[in-house]
Structures are given as structure tokens and as C-alpha cells.
>>> print(open('upload.cif').read())   # mmCIF, C-alpha atoms
data_final
loop_
_atom_site.label_atom_id
_atom_site.label_comp_id
_atom_site.auth_asym_id
_atom_site.auth_seq_id
_atom_site.Cartn_x
_atom_site.Cartn_y
_atom_site.Cartn_z
CA MET A 1 367.70 76.21 118.81
CA ARG A 2 370.35 74.03 120.39
CA GLU A 3 370.37 70.29 119.81
CA THR A 4 369.29 69.54 123.40
CA ASP A 5 366.22 71.78 123.17
CA LYS A 6 364.25 69.12 121.33
CA TYR A 7 364.80 66.50 124.05
CA SER A 8 362.08 65.63 126.52
CA ILE A 9 362.97 64.93 130.16
CA SER A 10 360.42 63.71 132.69
CA VAL A 11 360.84 64.69 136.34
CA MET A 12 359.07 62.31 138.73
CA ALA A 13 358.82 63.91 142.19
CA LEU A 14 358.39 61.64 145.21
CA GLY A 15 358.74 64.25 147.98
CA GLY A 16 361.65 64.39 150.41
CA THR A 17 363.83 67.26 151.65
CA ILE A 18 364.12 68.77 148.19
CA ALA A 19 360.34 69.42 148.29
CA MET A 20 359.97 70.44 151.94
CA VAL A 21 358.78 73.73 153.45
CA GLU A 22 357.59 74.73 156.91
CA GLY A 23 354.56 72.80 158.12
CA LYS A 24 351.21 74.37 158.98
CA GLY A 25 352.35 74.86 162.56
CA GLY A 26 354.70 77.61 161.42
CA GLU A 27 358.32 78.21 162.37
CA GLY A 28 359.70 75.49 164.60
CA SER A 29 357.11 72.91 163.55
CA GLY A 30 359.51 71.22 161.14
CA VAL A 31 359.47 70.95 157.37
CA VAL A 32 357.23 68.56 155.45
CA PRO A 33 357.15 67.49 151.76
CA THR A 34 354.83 70.02 150.09
CA LEU A 35 356.29 71.32 146.82
CA THR A 36 355.00 69.73 143.63
CA GLY A 37 357.19 68.49 140.82
CA GLU A 38 356.15 71.53 138.79
CA ALA A 39 357.25 73.85 141.61
CA LEU A 40 360.63 72.11 141.88
CA VAL A 41 361.28 72.55 138.17
CA ALA A 42 360.13 76.19 138.21
CA ALA A 43 362.64 76.99 140.99
CA VAL A 44 365.68 76.07 138.87
CA PRO A 45 366.96 78.99 136.77
CA GLY A 46 367.75 78.06 133.18
CA LEU A 47 366.37 74.55 133.35
CA ASP A 48 363.84 75.13 130.59
CA ALA A 49 366.65 76.35 128.33
CA ILE A 50 368.31 72.93 128.07
CA ALA A 51 365.33 70.58 127.76
CA HIS A 52 361.57 70.27 127.56
CA ILE A 53 360.66 69.31 131.13
CA HIS A 54 357.52 67.37 131.99
CA ALA A 55 357.08 67.33 135.77
CA ARG A 56 354.82 65.01 137.73
CA SER A 57 354.18 64.70 141.46
CA PHE A 58 354.23 60.92 141.73
CA ARG A 59 354.27 60.90 145.55
CA GLN A 60 354.68 63.52 148.30
CA LEU A 61 356.31 61.51 151.08
CA PRO A 62 359.39 61.47 153.27
CA SER A 63 361.61 58.78 151.74
CA ALA A 64 361.39 56.56 154.83
CA GLN A 65 357.66 56.14 154.07
CA LEU A 66 358.17 54.84 150.53
CA GLY A 67 357.60 51.14 150.00
CA TYR A 68 358.13 48.45 147.39
CA ASP A 69 354.63 48.89 145.98
CA ASP A 70 355.47 52.55 145.29
CA LEU A 71 358.70 51.60 143.54
CA ASP A 72 357.13 48.87 141.43
CA GLU A 73 354.50 51.39 140.29
CA LEU A 74 357.23 53.96 139.61
CA ALA A 75 359.25 51.46 137.57
CA THR A 76 356.16 50.70 135.47
CA ALA A 77 355.59 54.41 134.86
CA ILE A 78 359.23 54.93 133.85
CA GLY A 79 359.02 51.98 131.48
CA GLN A 80 356.01 53.58 129.81
CA LEU A 81 357.88 56.87 129.44
CA ASN A 82 360.68 54.97 127.73
CA ASN A 83 358.17 53.39 125.35
CA ASP A 84 356.77 56.86 124.60
CA GLY A 85 360.18 58.10 123.47
CA CYS A 86 361.23 60.09 126.53
CA ARG A 87 364.93 61.06 126.43
CA GLY A 88 365.54 60.50 130.14
CA VAL A 89 363.90 60.44 133.58
CA VAL A 90 364.90 62.26 136.75
CA VAL A 91 363.47 61.04 140.06
CA THR A 92 363.56 63.44 143.02
CA GLN A 93 363.12 62.09 146.51
CA GLY A 94 364.33 62.19 150.09
CA THR A 95 367.94 61.20 150.66
CA ASP A 96 367.38 58.76 153.54
CA THR A 97 366.58 55.83 151.24
CA ILE A 98 368.08 56.94 147.91
CA GLU A 99 370.68 54.18 147.99
CA GLU A 100 367.89 51.60 148.26
CA THR A 101 365.34 53.08 145.85
CA ALA A 102 367.98 53.77 143.18
CA PHE A 103 369.21 50.19 143.49
CA VAL A 104 365.64 48.85 143.22
CA LEU A 105 365.03 50.89 140.05
CA ASP A 106 368.37 49.70 138.69
CA ARG A 107 367.30 46.07 139.21
CA LEU A 108 363.79 46.53 137.77
CA LEU A 109 364.70 48.61 134.71
CA GLY A 110 367.00 47.36 131.99
CA LEU A 111 366.75 50.46 129.80
CA GLU A 112 369.06 52.38 127.51
CA MET A 113 367.24 55.54 128.60
CA PRO A 114 369.03 57.27 131.49
CA VAL A 115 367.28 57.11 134.87
CA VAL A 116 368.74 59.58 137.38
CA VAL A 117 367.86 59.90 141.07
CA THR A 118 368.61 63.06 143.04
CA GLY A 119 367.43 65.08 146.02
CA ALA A 120 368.72 67.59 148.55
CA MET A 121 370.37 67.67 151.95
CA ARG A 122 369.27 71.25 152.66
CA ASN A 123 365.60 72.07 152.25
CA PRO A 124 364.43 75.15 150.31
CA THR A 125 364.01 77.22 153.51
CA GLU A 126 367.72 76.95 154.38
CA ALA A 127 370.65 79.04 153.22
CA GLY A 128 372.61 77.19 150.56
CA ALA A 129 369.78 74.83 149.60
CA ASP A 130 371.31 72.32 147.20
CA GLY A 131 368.14 71.03 145.53
CA PRO A 132 368.13 73.33 142.46
CA ALA A 133 371.78 72.63 141.60
CA ASN A 134 371.29 68.89 142.06
CA LEU A 135 368.18 68.91 139.86
CA LEU A 136 369.95 70.89 137.13
CA ALA A 137 372.92 68.49 137.16
CA ALA A 138 370.58 65.49 137.14
CA VAL A 139 368.75 66.80 134.06
CA ARG A 140 372.08 67.33 132.29
CA VAL A 141 373.04 63.72 133.02
CA ALA A 142 369.64 62.47 131.85
CA LEU A 143 370.22 64.32 128.56
CA SER A 144 373.73 62.97 128.13
CA GLU A 145 374.56 60.32 125.56
CA ALA A 146 377.29 59.10 127.93
CA ALA A 147 374.68 58.09 130.51
CA ARG A 148 372.72 55.86 128.15
CA GLY A 149 372.85 52.17 129.02
CA MET A 150 374.51 52.86 132.39
CA GLY A 151 371.58 51.72 134.49
CA CYS A 152 370.15 53.90 137.24
CA VAL A 153 372.55 56.51 138.63
CA VAL A 154 372.52 58.94 141.55
CA VAL A 155 373.58 62.53 140.82
CA PHE A 156 374.46 64.64 143.83
CA ASN A 157 376.90 67.46 144.52
CA ASP A 158 377.86 67.41 140.79
CA GLU A 159 379.01 63.79 141.09
CA ILE A 160 377.60 60.72 139.31
CA HIS A 161 377.38 57.45 141.23
CA ALA A 162 376.20 54.04 140.04
CA ALA A 163 373.13 52.90 141.98
CA ARG A 164 374.72 49.55 142.77
CA PHE A 165 377.66 51.18 144.60
CA VAL A 166 376.36 54.40 146.16
CA ARG A 167 375.82 54.87 149.90
CA LYS A 168 374.66 57.70 152.14
CA THR A 169 377.61 58.23 154.48
CA HIS A 170 376.72 61.31 156.54
CA THR A 171 373.52 62.52 158.17
CA SER A 172 373.66 66.14 157.01
CA ARG A 173 376.58 67.05 154.72
CA PRO A 174 375.91 67.83 151.02
CA ASP A 175 378.70 65.41 150.00
CA THR A 176 377.04 62.54 151.85
CA PHE A 177 376.79 60.25 148.80
CA GLN A 178 379.89 58.18 148.19
CA SER A 179 380.74 54.89 146.49
CA PRO A 180 383.31 53.16 148.73
CA ALA A 181 383.73 50.17 146.41
CA CYS A 182 384.84 52.06 143.31
CA GLY A 183 384.34 55.80 143.68
CA ARG A 184 382.20 58.07 141.52
CA ILE A 185 381.75 57.07 137.90
CA GLY A 186 381.62 60.63 136.59
CA TRP A 187 380.87 64.28 137.29
CA VAL A 188 379.31 67.47 135.90
CA THR A 189 381.49 70.54 135.26
CA GLU A 190 380.45 73.76 133.48
CA GLY A 191 377.40 71.99 132.17
CA ARG A 192 379.43 69.12 130.69
CA VAL A 193 378.79 65.52 131.73
CA ARG A 194 381.85 63.31 132.13
CA VAL A 195 381.44 59.54 132.56
CA VAL A 196 384.83 57.93 133.15
CA VAL A 197 383.89 54.49 134.49
CA GLN A 198 381.71 52.04 132.55
CA VAL A 199 379.45 49.87 134.69
CA PRO A 200 378.80 46.40 133.22
CA PRO A 201 375.10 45.55 132.81
CA VAL A 202 373.36 43.02 135.04
CA PRO A 203 370.08 41.44 133.83
CA ALA A 204 367.01 43.16 135.24
CA ILE A 205 364.52 41.32 137.43
CA ARG A 206 361.44 40.64 135.35
CA GLY A 207 357.96 39.35 136.04
CA PRO A 208 354.85 40.54 137.87
CA VAL A 209 354.59 40.92 141.63
CA THR A 210 352.83 37.87 143.04
CA ARG A 211 353.57 38.32 146.76
CA ASN A 212 352.92 41.74 148.27
CA ASP A 213 353.46 40.24 151.73
CA ALA A 214 357.05 39.11 151.16
CA ARG A 215 359.16 40.51 154.01
CA VAL A 216 362.92 40.36 154.44
CA ALA A 217 364.61 41.08 157.76
CA LEU A 218 368.05 42.66 158.14
CA VAL A 219 370.11 41.98 161.25
CA LYS A 220 373.56 43.30 162.12
CA ILE A 221 375.78 41.12 164.28
CA ALA A 222 377.67 42.73 167.16
CA LEU A 223 380.04 41.67 169.90
CA GLY A 224 378.35 39.37 172.41
CA ASP A 225 375.34 38.38 170.27
CA ARG A 226 374.00 34.89 170.93
CA GLY A 227 371.40 34.46 168.19
CA GLU A 228 368.26 35.56 170.00
CA GLN A 229 367.41 38.19 167.37
CA VAL A 230 367.87 35.69 164.53
CA ARG A 231 365.55 33.18 166.18
CA ALA A 232 362.97 35.90 166.93
CA LEU A 233 362.96 37.12 163.33
CA HIS A 234 362.65 33.59 162.00
CA ASP A 235 359.76 32.87 164.36
CA ALA A 236 358.05 36.13 163.31
CA GLY A 237 357.43 34.67 159.85
CA PHE A 238 359.79 36.66 157.65
CA SER A 239 360.17 35.37 154.09
CA GLY A 240 363.93 35.88 154.04
CA LEU A 241 366.81 37.13 156.14
CA VAL A 242 369.98 39.12 155.45
CA VAL A 243 372.67 39.01 158.10
CA GLU A 244 375.40 41.64 158.26
CA ALA A 245 378.19 39.61 159.82
CA THR A 246 381.42 41.02 161.22
CA GLY A 247 384.48 41.44 159.03
CA GLY A 248 384.63 39.08 156.06
CA GLY A 249 381.51 37.21 157.18
CA HIS A 250 381.94 35.95 160.75
CA VAL A 251 379.54 35.43 163.66
CA PRO A 252 379.64 33.86 167.16
CA CYS A 253 378.99 30.11 167.33
CA GLU A 254 375.53 30.53 168.87
CA VAL A 255 374.54 32.89 166.04
CA ALA A 256 375.83 30.41 163.46
CA GLU A 257 373.55 27.72 164.88
CA ALA A 258 370.53 30.06 164.77
CA LEU A 259 371.33 31.06 161.18
CA GLU A 260 371.63 27.41 160.13
CA ALA A 261 368.21 26.66 161.61
CA ALA A 262 366.68 29.62 159.77
CA ALA A 263 368.36 28.65 156.47
CA ARG A 264 366.53 25.31 156.52
CA ASN A 265 363.25 27.20 155.97
CA ILE A 266 363.97 30.56 154.33
CA PRO A 267 366.74 32.09 152.20
CA VAL A 268 369.46 33.57 154.45
CA VAL A 269 371.97 35.88 152.77
CA LEU A 270 375.40 36.56 154.25
CA ALA A 271 376.71 40.15 153.92
CA SER A 272 379.31 42.16 155.82
CA ARG A 273 378.58 44.97 158.24
CA THR A 274 381.70 46.84 157.06
CA GLY A 275 379.86 48.28 154.05
CA SER A 276 382.64 47.73 151.52
CA GLY A 277 384.69 44.82 150.24
CA GLU A 278 383.46 41.31 149.52
CA VAL A 279 382.18 38.66 151.86
CA LEU A 280 384.93 36.06 151.97
CA GLU A 281 384.37 32.55 150.68
CA HIS A 282 387.16 30.20 151.78
CA THR A 283 389.75 32.04 153.89
CA TYR A 284 388.74 31.22 157.47
CA GLY A 285 387.63 27.82 158.74
CA PHE A 286 386.66 28.28 162.40
CA PRO A 287 383.06 27.75 163.62
CA GLY A 288 381.07 30.83 162.65
CA SER A 289 383.48 31.77 159.84
CA GLU A 290 382.38 32.48 156.28
CA THR A 291 383.35 28.95 155.20
CA ASP A 292 381.34 27.46 158.05
CA LEU A 293 378.29 29.66 157.38
CA LEU A 294 378.23 28.86 153.67
CA ARG A 295 378.46 25.18 154.55
CA ARG A 296 375.45 25.67 156.83
CA GLY A 297 373.33 26.88 153.88
CA LEU A 298 373.78 30.66 153.89
CA ILE A 299 373.98 32.46 150.53
CA ARG A 300 376.93 34.73 149.85
CA ALA A 301 376.07 38.37 149.03
CA GLY A 302 379.43 38.98 147.39
CA TRP A 303 380.16 42.73 147.41
CA LEU A 304 376.58 43.83 148.01
CA ASP A 305 376.12 45.53 151.38
CA GLY A 306 373.28 44.53 153.66
CA LEU A 307 370.81 47.17 152.46
CA LYS A 308 371.22 46.26 148.81
CA ALA A 309 371.19 42.52 149.52
CA LYS A 310 367.92 43.04 151.40
CA ALA A 311 366.44 45.01 148.50
CA LEU A 312 367.49 42.39 145.97
CA LEU A 313 366.14 39.49 148.03
CA THR A 314 362.85 41.37 148.58
CA LEU A 315 362.42 41.95 144.83
CA LEU A 316 363.02 38.26 144.16
CA LEU A 317 360.60 37.04 146.82
CA ARG A 318 357.90 39.48 145.71
CA ARG A 319 357.94 37.75 142.33
CA GLY A 320 357.14 34.30 143.64
CA PRO A 321 358.54 31.68 146.00
CA ARG A 322 362.31 31.24 145.64
CA THR A 323 364.33 28.30 146.85
CA PRO A 324 367.75 29.03 148.36
CA ALA A 325 369.31 27.61 145.17
CA GLN A 326 367.32 30.06 143.00
CA VAL A 327 368.30 32.97 145.25
CA ALA A 328 371.96 31.90 145.11
CA GLN A 329 371.77 31.83 141.31
CA ALA A 330 370.27 35.35 141.24
CA LEU A 331 373.02 36.65 143.53
CA ALA A 332 375.78 35.01 141.50
CA ALA A 333 376.23 38.19 139.43
CA TRP A 334 377.17 40.04 142.61
CA ALA A 335 379.24 37.28 144.17
#
>>> encode(input="upload.cif", output="C-alpha cells")
Amino acid sequence: MRETDKYSISVMALGGTIAMVEGKGGEGSGVVPTLTGEALVAAVPGLDAIAHIHARSFRQLPSAQLGYDDLDELATAIGQLNNDGCRGVVVTQGTDTIEETAFVLDRLLGLEMPVVVTGAMRNPTEAGADGPANLLAAVRVALSEAARGMGCVVVFNDEIHAARFVRKTHTSRPDTFQSPACGRIGWVTEGRVRVVVQVPPVPAIRGPVTRNDARVALVKIALGDRGEQVRALHDAGFSGLVVEATGGGHVPCEVAEALEAAARNIPVVLASRTGSGEVLEHTYGFPGSETDLLRRGLIRAGWLDGLKAKALLTLLLRRGPRTPAQVAQALAAWA
């Protein structure tokens, strides 16, 4: 018996492309998430030879239909598995929201136990379906000593990406997951796991959920905007707002005024629509620049993109009212 045979890995299946087959309408009706976690594991040749796999169908949903209640419940279940002595956890889900759900798990779980998220771009009915290979690589990473204490990671196409950096960059290609800020942190080759970049830990968000109704809006600024969408979102009663400004953090003057008005009542976080690089802090000084917006009460997202800033702000607001100062303190690790 090899050393890894005694290790227990839990596979938590949420649905998504990796679990999809033709719907009841037959060919042409589109695929839907149907396969159970047990079926996913059974479809991977040799998987049972490297670990004891315990599969569970936690959800059977397209990833766009997952919500924060689902992820809070999943984080609790993963925490219990850690307490029970599980070696590692693999989460399978749809790719559309992997960059968000992996980041949420990374912020909620401060575990030494590896937590790995994976999925598939090609469903099991297609030639070259990538789900089995991704699941096998994910289990290898979950078993690896090198992955311990690294936070939540995404394993796809034999590459390992930190949840805080990864992004989905293409609608259909198997190499869709990239980390523009720093690149992959490791890879899997011939069954070996290589981790070559160490990701510094950031304290997890603790505490029970006290506000299930906390909602955060995300708005992207474009040429010619005048602030109408910002005012409409503020009036709609959102609990917080993330704005993806142009470039290093710049908006038209009319938008700056609308953002200032919103920031008097709710936390407003300033990110960049570019998707990589940091929001600037004190380079430009014109009206609507990053310096001007921070002076107006906006909170700098640092190098977090808009999606991750929205996820982080949502997690904070779900755990009780947060003043802008408290939100700024929580985002300081990223800024």
C-alpha cells in the first residue's frame, strides 16, 4: 500500500458543466447538471488508487444559480470535514463563477487542509471532455503536502491558481483560467504536484451571518457615463457598491458626484475595470481621478478586481453593519 492510500479526500459536487448531460428533451435540448458526486468520481480511471474518496452531491446547480447562503453552508461543511481529520477537499462546480466561489471559500476558511476547486469546460457528452483529468489533478493537489496552508486554490488544465488571483478569461477554451496579477502558482506533471509560488496568508472572515439581505451592486464605468446608474443603484437600497472605474481609478465628473453622494450612506469601493494592476492612490489629481474619489469617501480596492471586491464586501456586510472605516480596514490587506 502506498503512503497516499491511507488519505481521505472528500469531493463536494455542486453541479456545473462537469456534471451535465443531455436534458429530458433529448438531443438539442441542452445539457443540465445531473451527475452525482459519486458518478463523477466513478468516471475517473485510477482515482481510487491514490486516495480514499468520499463523494457528496452538495448541490446540483449551474454555477450562476449558486448564492452566498450556499457558500456559507459549504464552508461550514468543509470546516467540519477538517475537524474530522479529512486530508483535503475538492469542490466541483460550474466554471462561470469559480473565480468568485473560490475567493469566497478562501476568505471564509483559514485552514491548513487543502481546499481545491475545479470543474470542466467541456461536458461529458463532448469529445475531449476535460472533467475527469481536472478532477484527478485536483485530488492530487488536495493530497499534496505542498498545498497545505495555501488557502483555497483552483486546479484546471493541470495548473494551480490561487483563488485570490484567478480569473476566467475565455468563454469556452479549456485554458480559460489565468492569474494576470502573478501567474499560476504551480502545476501537476506525471502525477507530481509542484508549488513554486508561496501565497501569504490573509486572516479569514469570521462570525455568523446576521444579514441575509445584504446586497452589493457592481457597476462598470464606460465612456459617456453621467452617473445615472450609480444614483439608481443607490436609490434601490443596496447595502454597498463596488465601482469598476476606468484605468487606475478614474470616472467622469458627474459620476464622481453620484459616487460621493452614495458614499455618505453606504460603503463604496473603488476598483479598476482593467482586471489587473492596482487602483492608484495619489498619482492623478483631476476631478474624478483616484485621488479625488478617495477624498470623496470611496474605499480603495487595491489589486482586487471588481468581482472579488464585491464578494469581499458582501461577506463583510452579511456579518453585520459595517461603517466605511471598518470596510476600509478589512480591505487594507489587499490595498
>>> residues_around(input="upload.cif", residues="Ala181 (chain A)", least_positions_apart="2", cutoff="9 Å", atoms="only C-alpha atoms", output="ChimeraX atom specification")
/A:165-166,179,183,275-277,303
>>> residues_around(input="upload.cif", residues="Pro62 (chain A)", least_positions_apart="6", cutoff="9 Å", atoms="only C-alpha atoms", output="ChimeraX atom specification")
/A:14-17,32-33,93-96
>>> residues_near_point(input="upload.cif", point="(363.7, 75.0, 151.7)", cutoff="9 Å", atoms="all atoms listed in the file", output="PyMOL selection string")
chain A and resi 17-22+31+122-127+129+131
>>> closest_residue(input="upload.cif", among="A:Pro208, A:Gly224, A:Gly186, A:Gly285", to="Val255 (chain A)", atoms="only C-alpha atoms")
A:Gly224
>>> axis_aligned_box(input="upload.cif", around="region 235-250 of chain A", padding_each_side="3 Å", output="lines of an AutoDock Vina configuration file")
center_x = 371.0
center_y = 37.3
center_z = 159.2
size_x = 33.2
size_y = 14.8
size_z = 16.3
>>> residues_around(input="upload.cif", residues="Leu317 (chain A)", least_positions_apart="6", cutoff="8 Å", atoms="only C-alpha atoms", output="ChimeraX atom specification")
/A:211,214,239
>>> write_last_selection(input="upload.cif", atoms="C-alpha atoms", output="CSV table (one decimal), in the coordinates of the input")
chain,number,residue,atom,x,y,z
A,211,ARG,CA,353.6,38.3,146.8
A,214,ALA,CA,357.0,39.1,151.2
A,239,SER,CA,360.2,35.4,154.1
>>> closest_residue(input="upload.cif", among="A:Gly240, A:Pro114, A:Gly320, A:Gly302", to="Arg140 (chain A)", atoms="all atoms listed in the file")
A:Pro114
>>> closest_residue(input="upload.cif", among="A:Ala236, A:Ala311, A:Ile266, A:Ala42", to="Pro132 (chain A)", atoms="only C-alpha atoms")
A:Ala42
>>> residues_around(input="upload.cif", residues="Val199 (chain A)", least_positions_apart="5", cutoff="12 Å", atoms="only C-alpha atoms", output="list in words")
Asp106, Ala146, Ala147, Arg148, Gly149, Met150, Gly151, Cys152, Val153, Ile160, His161, Ala162, Ala163, Arg164, Phe165, Cys182, Gly183, Arg184, Ile185 and Gly186 of chain A
>>> write_last_selection(input="upload.cif", atoms="C-alpha atoms", output="mmCIF file, in the frame of the given file")
data_model
loop_
_atom_site.group_PDB
_atom_site.id
_atom_site.type_symbol
_atom_site.label_atom_id
_atom_site.label_comp_id
_atom_site.auth_asym_id
_atom_site.auth_seq_id
_atom_site.Cartn_x
_atom_site.Cartn_y
_atom_site.Cartn_z
ATOM 1 C CA ASP A 106 368.370 49.700 138.690
ATOM 2 C CA ALA A 146 377.290 59.100 127.930
ATOM 3 C CA ALA A 147 374.680 58.090 130.510
ATOM 4 C CA ARG A 148 372.720 55.860 128.150
ATOM 5 C CA GLY A 149 372.850 52.170 129.020
ATOM 6 C CA MET A 150 374.510 52.860 132.390
ATOM 7 C CA GLY A 151 371.580 51.720 134.490
ATOM 8 C CA CYS A 152 370.150 53.900 137.240
ATOM 9 C CA VAL A 153 372.550 56.510 138.630
ATOM 10 C CA ILE A 160 377.600 60.720 139.310
ATOM 11 C CA HIS A 161 377.380 57.450 141.230
ATOM 12 C CA ALA A 162 376.200 54.040 140.040
ATOM 13 C CA ALA A 163 373.130 52.900 141.980
ATOM 14 C CA ARG A 164 374.720 49.550 142.770
ATOM 15 C CA PHE A 165 377.660 51.180 144.600
ATOM 16 C CA CYS A 182 384.840 52.060 143.310
ATOM 17 C CA GLY A 183 384.340 55.800 143.680
ATOM 18 C CA ARG A 184 382.200 58.070 141.520
ATOM 19 C CA ILE A 185 381.750 57.070 137.900
ATOM 20 C CA GLY A 186 381.620 60.630 136.590
#
>>> residues_around(input="upload.cif", residues="Val216 (chain A)", least_positions_apart="5", cutoff="12 Å", atoms="all atoms listed in the file", output="short mmCIF file (atom, residue, chain, number, x, y, z; two decimals) with C-alpha atoms, in the coordinates of the input")
data_model
loop_
_atom_site.label_atom_id
_atom_site.label_comp_id
_atom_site.auth_asym_id
_atom_site.auth_seq_id
_atom_site.Cartn_x
_atom_site.Cartn_y
_atom_site.Cartn_z
CA TYR A 68 358.13 48.45 147.39
CA LEU A 233 362.96 37.12 163.33
CA HIS A 234 362.65 33.59 162.00
CA ALA A 236 358.05 36.13 163.31
CA GLY A 237 357.43 34.67 159.85
CA PHE A 238 359.79 36.66 157.65
CA SER A 239 360.17 35.37 154.09
CA GLY A 240 363.93 35.88 154.04
CA LEU A 241 366.81 37.13 156.14
CA VAL A 242 369.98 39.12 155.45
CA VAL A 243 372.67 39.01 158.10
CA ILE A 266 363.97 30.56 154.33
CA PRO A 267 366.74 32.09 152.20
CA VAL A 268 369.46 33.57 154.45
CA VAL A 269 371.97 35.88 152.77
CA GLY A 306 373.28 44.53 153.66
CA LEU A 307 370.81 47.17 152.46
CA LYS A 308 371.22 46.26 148.81
CA ALA A 309 371.19 42.52 149.52
CA LYS A 310 367.92 43.04 151.40
CA ALA A 311 366.44 45.01 148.50
CA LEU A 312 367.49 42.39 145.97
CA LEU A 313 366.14 39.49 148.03
CA THR A 314 362.85 41.37 148.58
CA LEU A 315 362.42 41.95 144.83
CA LEU A 316 363.02 38.26 144.16
CA LEU A 317 360.60 37.04 146.82
CA ARG A 318 357.90 39.48 145.71
#
>>> resolve_selection(input="upload.cif", expression="the PyMOL selection byres ((chain A and resi 252) around 12)", output="list of chain:residue names")
A:Ile221, A:Ala222, A:Leu223, A:Gly224, A:Asp225, A:Arg226, A:Gly227, A:Glu228, A:Ala245, A:Thr246, A:Gly249, A:His250, A:Val251, A:Cys253, A:Glu254, A:Val255, A:Ala256, A:Glu257, A:Ala258, A:Leu259, A:Phe286, A:Pro287, A:Gly288, A:Ser289, A:Glu290, A:Asp292, A:Leu293
>>> resolve_selection(input="upload.cif", expression="the PyMOL selection byres ((chain A and resi 58) around 9)", output="VMD selection string")
chain A and resid 12 to 15 37 56 to 57 59 to 60 74
>>> closest_residue(input="upload.cif", among="A:Thr101, A:Asn265, A:Thr76, A:Thr36", to="Leu298 (chain A)", atoms="only C-alpha atoms")
A:Asn265
>>> resolve_selection(input="upload.cif", expression="the PyMOL selection byres ((chain A and resi 142) around 9)", output="PyMOL selection string")
chain A and resi 9+87-90+113-116+137-141+143-145+147-148
>>> closest_residue(input="upload.cif", among="A:Glu112, A:Leu280, A:Val209, A:Ile98", to="Glu73 (chain A)", atoms="all atoms listed in the file")
A:Val209
